[in-house]
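Visitor: Encoded as structure tokens, here's the structure I'll be asking about.
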Amino acid sequence: NNGEIGTKNFDKDKSCKMAQQREVRLNIYDLHDSNSWLNGVGLGAYHTGVEIAGFEYTFSNSGIFKCTPLNAPLPARYRETIVLGIHSGSANDISAIIRELRSEYAEGTYDVMTKNCNSFSNQFSLRVVGVEIPQWVNRLACIGGWMSSIGLPMAQIDNNGDQGGSSSSTNPQDASRKEKKKLTEKQKKILNTLKKKSSS
């Protein structure tokens with residue numbers, strides 16, 4: 001009857017409104033000044049967040065959290081945004097994915113080399129649009145031994161803007177921060193080796 005037809009049409013319209021197409025973006029941030037030379041060889045220390053439906057989702061030692069897009073806590077500095085794809089579904093679908101990921105990316109499970117913000121971004125992207133994030137974003141963390149060998153800090157961001165393992169402003173090392181920005185002979189050798197490998 002007309003009442004049943006009207007109800008079906010209403011449900012169909014409601015379903016169409018809930019299921020929307022949303023652009024999914026990867027927001028990338030620099031964590032260290034050394035990215036100025038590391039980025040040229042496909043490396044760097046980066047923080048990432050996945051932006052969808054007006055929120056940016058990321059991961060820290062505090063667990064999964066969301067923030068205003070392009071407003072990651074310090075020391076992260078915005079670098080660029082990459083469009084990952086289009087998500088077709090409802091806001092509830094996104095919330096369900098986040099709930100499922102919370103068990104794996106729980107509070108206190110952050111590891112700068114094996115389970116960091118980029119690891120989460122990659123898993124979230126796979127679940128939402130079925131694609132991985134660019135490999136260069138997390139490449140340096142994957143070779144963490146090399147990271148230590150050139151003296152890069154392994155930054156850990158949480159949702160109150162702290163940097164895990166960082167020192168206070170009174171640390172004596174702060175006085176030589178500018179000096180540390182210069183490439184050492186060891187760094188130059190590593191950079192030249194990487195350039196040769198990338199060109200071969």
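Residues in the structure tokens are named by chain (A, B, ... in the order shown) and by number from 1 within that chain; ligands are numbered from 1 in the order shown.
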Please give the complete set of residues from range 58-151 of chain A that DSSP, run on the backbone, assigns to helix (DSSP H, G or I), formatted as a ChimeraX atom specification.

Guide: /A:91-102,117-128,135-137,139-142,144-149

Visitor: Keeping only N, CA and C atoms, write the selected residues to a file as a tab-separated table (two decimals), in the first residue's frame.

Guide:
chain	number	residue	atom	x	y	z
A	91	ALA	N	29.41	7.86	8.70
A	91	ALA	CA	30.28	8.21	9.82
A	91	ALA	C	30.34	7.06	10.82
A	92	ASN	N	29.26	6.30	10.92
A	92	ASN	CA	29.25	5.15	11.81
A	92	ASN	C	30.25	4.09	11.35
A	93	ASP	N	30.42	3.95	10.05
A	93	ASP	CA	31.40	3.00	9.53
A	93	ASP	C	32.81	3.38	9.97
A	94	ILE	N	33.11	4.67	9.92
A	94	ILE	CA	34.43	5.15	10.33
A	94	ILE	C	34.63	4.90	11.83
A	95	SER	N	33.61	5.20	12.62
A	95	SER	CA	33.70	4.98	14.07
A	95	SER	C	33.91	3.51	14.40
A	96	ALA	N	33.27	2.64	13.64
A	96	ALA	CA	33.40	1.19	13.86
A	96	ALA	C	34.83	0.74	13.59
A	97	ILE	N	35.45	1.29	12.54
A	97	ILE	CA	36.84	0.94	12.22
A	97	ILE	C	37.77	1.39	13.33
A	98	ILE	N	37.56	2.59	13.83
A	98	ILE	CA	38.38	3.12	14.91
A	98	ILE	C	38.25	2.23	16.15
A	99	ARG	N	37.04	1.83	16.47
A	99	ARG	CA	36.82	0.96	17.65
A	99	ARG	C	37.57	-0.35	17.50
A	100	GLU	N	37.57	-0.91	16.30
A	100	GLU	CA	38.26	-2.17	16.06
A	100	GLU	C	39.78	-2.01	16.18
A	101	LEU	N	40.30	-0.86	15.75
A	101	LEU	CA	41.73	-0.62	15.81
A	101	LEU	C	42.23	-0.29	17.21
A	102	ARG	N	41.35	0.13	18.09
A	102	ARG	CA	41.76	0.53	19.44
A	102	ARG	C	42.39	-0.62	20.23
A	117	CYS	N	52.78	6.36	14.90
A	117	CYS	CA	51.65	7.04	14.26
A	117	CYS	C	51.51	6.65	12.79
A	118	ASN	N	52.66	6.43	12.13
A	118	ASN	CA	52.62	6.06	10.71
A	118	ASN	C	52.10	4.64	10.52
A	119	SER	N	52.42	3.76	11.46
A	119	SER	CA	51.89	2.40	11.42
A	119	SER	C	50.37	2.43	11.50
A	120	PHE	N	49.87	3.26	12.42
A	120	PHE	CA	48.41	3.41	12.55
A	120	PHE	C	47.80	4.00	11.29
A	121	SER	N	48.42	5.06	10.77
A	121	SER	CA	47.89	5.70	9.55
A	121	SER	C	47.79	4.70	8.41
A	122	ASN	N	48.79	3.83	8.31
A	122	ASN	CA	48.79	2.83	7.25
A	122	ASN	C	47.63	1.84	7.42
A	123	GLN	N	47.45	1.35	8.64
A	123	GLN	CA	46.37	0.40	8.90
A	123	GLN	C	44.99	1.05	8.71
A	124	PHE	N	44.85	2.27	9.18
A	124	PHE	CA	43.58	2.98	9.05
A	124	PHE	C	43.26	3.22	7.57
A	125	SER	N	44.27	3.61	6.80
A	125	SER	CA	44.07	3.83	5.36
A	125	SER	C	43.66	2.55	4.65
A	126	LEU	N	44.31	1.45	5.01
A	126	LEU	CA	43.95	0.17	4.40
A	126	LEU	C	42.51	-0.20	4.68
A	127	ARG	N	42.05	0.08	5.90
A	127	ARG	CA	40.69	-0.27	6.28
A	127	ARG	C	39.66	0.65	5.64
A	128	VAL	N	40.03	1.91	5.44
A	128	VAL	CA	39.07	2.90	4.95
A	128	VAL	C	39.00	2.95	3.42
A	135	GLN	N	55.58	4.61	1.28
A	135	GLN	CA	56.57	3.92	2.11
A	135	GLN	C	57.61	4.86	2.71
A	136	TRP	N	57.92	5.95	2.01
A	136	TRP	CA	58.96	6.84	2.50
A	136	TRP	C	58.59	7.50	3.83
A	137	VAL	N	57.30	7.56	4.13
A	137	VAL	CA	56.86	8.22	5.36
A	137	VAL	C	57.37	7.49	6.59
A	139	ARG	N	59.80	4.88	6.42
A	139	ARG	CA	60.99	4.12	6.08
A	139	ARG	C	62.09	4.25	7.13
A	140	LEU	N	62.26	5.43	7.66
A	140	LEU	CA	63.32	5.66	8.63
A	140	LEU	C	63.07	4.89	9.92
A	141	ALA	N	61.82	4.82	10.34
A	141	ALA	CA	61.48	4.06	11.54
A	141	ALA	C	61.72	2.57	11.33
A	142	CYS	N	61.51	2.11	10.09
A	142	CYS	CA	61.70	0.68	9.77
A	142	CYS	C	63.16	0.29	9.83
A	144	GLY	N	65.39	1.47	12.16
A	144	GLY	CA	65.67	2.23	13.37
A	144	GLY	C	67.12	2.19	13.81
A	145	GLY	N	67.81	1.12	13.50
A	145	GLY	CA	69.21	1.05	13.86
A	145	GLY	C	70.00	2.14	13.17
A	146	TRP	N	69.64	2.39	11.91
A	146	TRP	CA	70.31	3.46	11.17
A	146	TRP	C	69.96	4.82	11.75
A	147	MET	N	68.70	4.96	12.22
A	147	MET	CA	68.29	6.22	12.84
A	147	MET	C	69.19	6.54	14.03
A	148	SER	N	69.45	5.54	14.84
A	148	SER	CA	70.30	5.77	16.03
A	148	SER	C	71.72	6.11	15.63
A	149	SER	N	72.19	5.51	14.54
A	149	SER	CA	73.59	5.69	14.14
A	149	SER	C	73.90	7.12	13.71

Visitor: Quick one: distance from CA of Val129 in chain A to CA of Asn39 in chain A in Å, one decimal?

Guide: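 That distance, rounded to one decimal, is 25.8 Å.
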
Visitor: Find, counting only C-alpha atoms, the residue in A:Tyr46, A:Val41, A:Tyr29, A:Phe65 that gets nearest to Glu107 in chain A.

Guide: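 Checking each candidate against Glu107 in chain A, we get A:Phe65 as the closest.
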
Visitor: Of the residues A:Thr48, A:Thr114, A:Thr58, A:Ser34, which is the one nearest to Arg79 in chain A, using only C-alpha atoms?

Guide: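 For Arg79 in chain A, the nearest of the candidates is A:Thr48.
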
Visitor: For Tyr78 in chain A, which residue among A:Ser36, A:Asn138, A:His47, A:Val24 is the nearest when counting only C-alpha atoms?

Guide: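 Counting only C-alpha atoms, the residue closest to Tyr78 in chain A is A:His47.
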
Visitor: Could you tell me how far CA of Phe55 in chain A sits from CA of Pro69 in chain A, in Å to one decimal place?

Guide: 5.8 Å

Visitor: Can you work out the spacing between CA of Gly89 in chain A and CA of Arg22 in chain A in Å, to one decimal?

Guide: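 Taking CA of Gly89 in chain A and CA of Arg22 in chain A, their separation equals 8.1 Å.
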
Visitor: Tell me, which residues of range 52-164 of chain A carry DSSP strand (DSSP E or B), written as an MDAnalysis selection string?

Guide: chainID A and resid 52 55:60 63:67 77:89 111 115 157 163
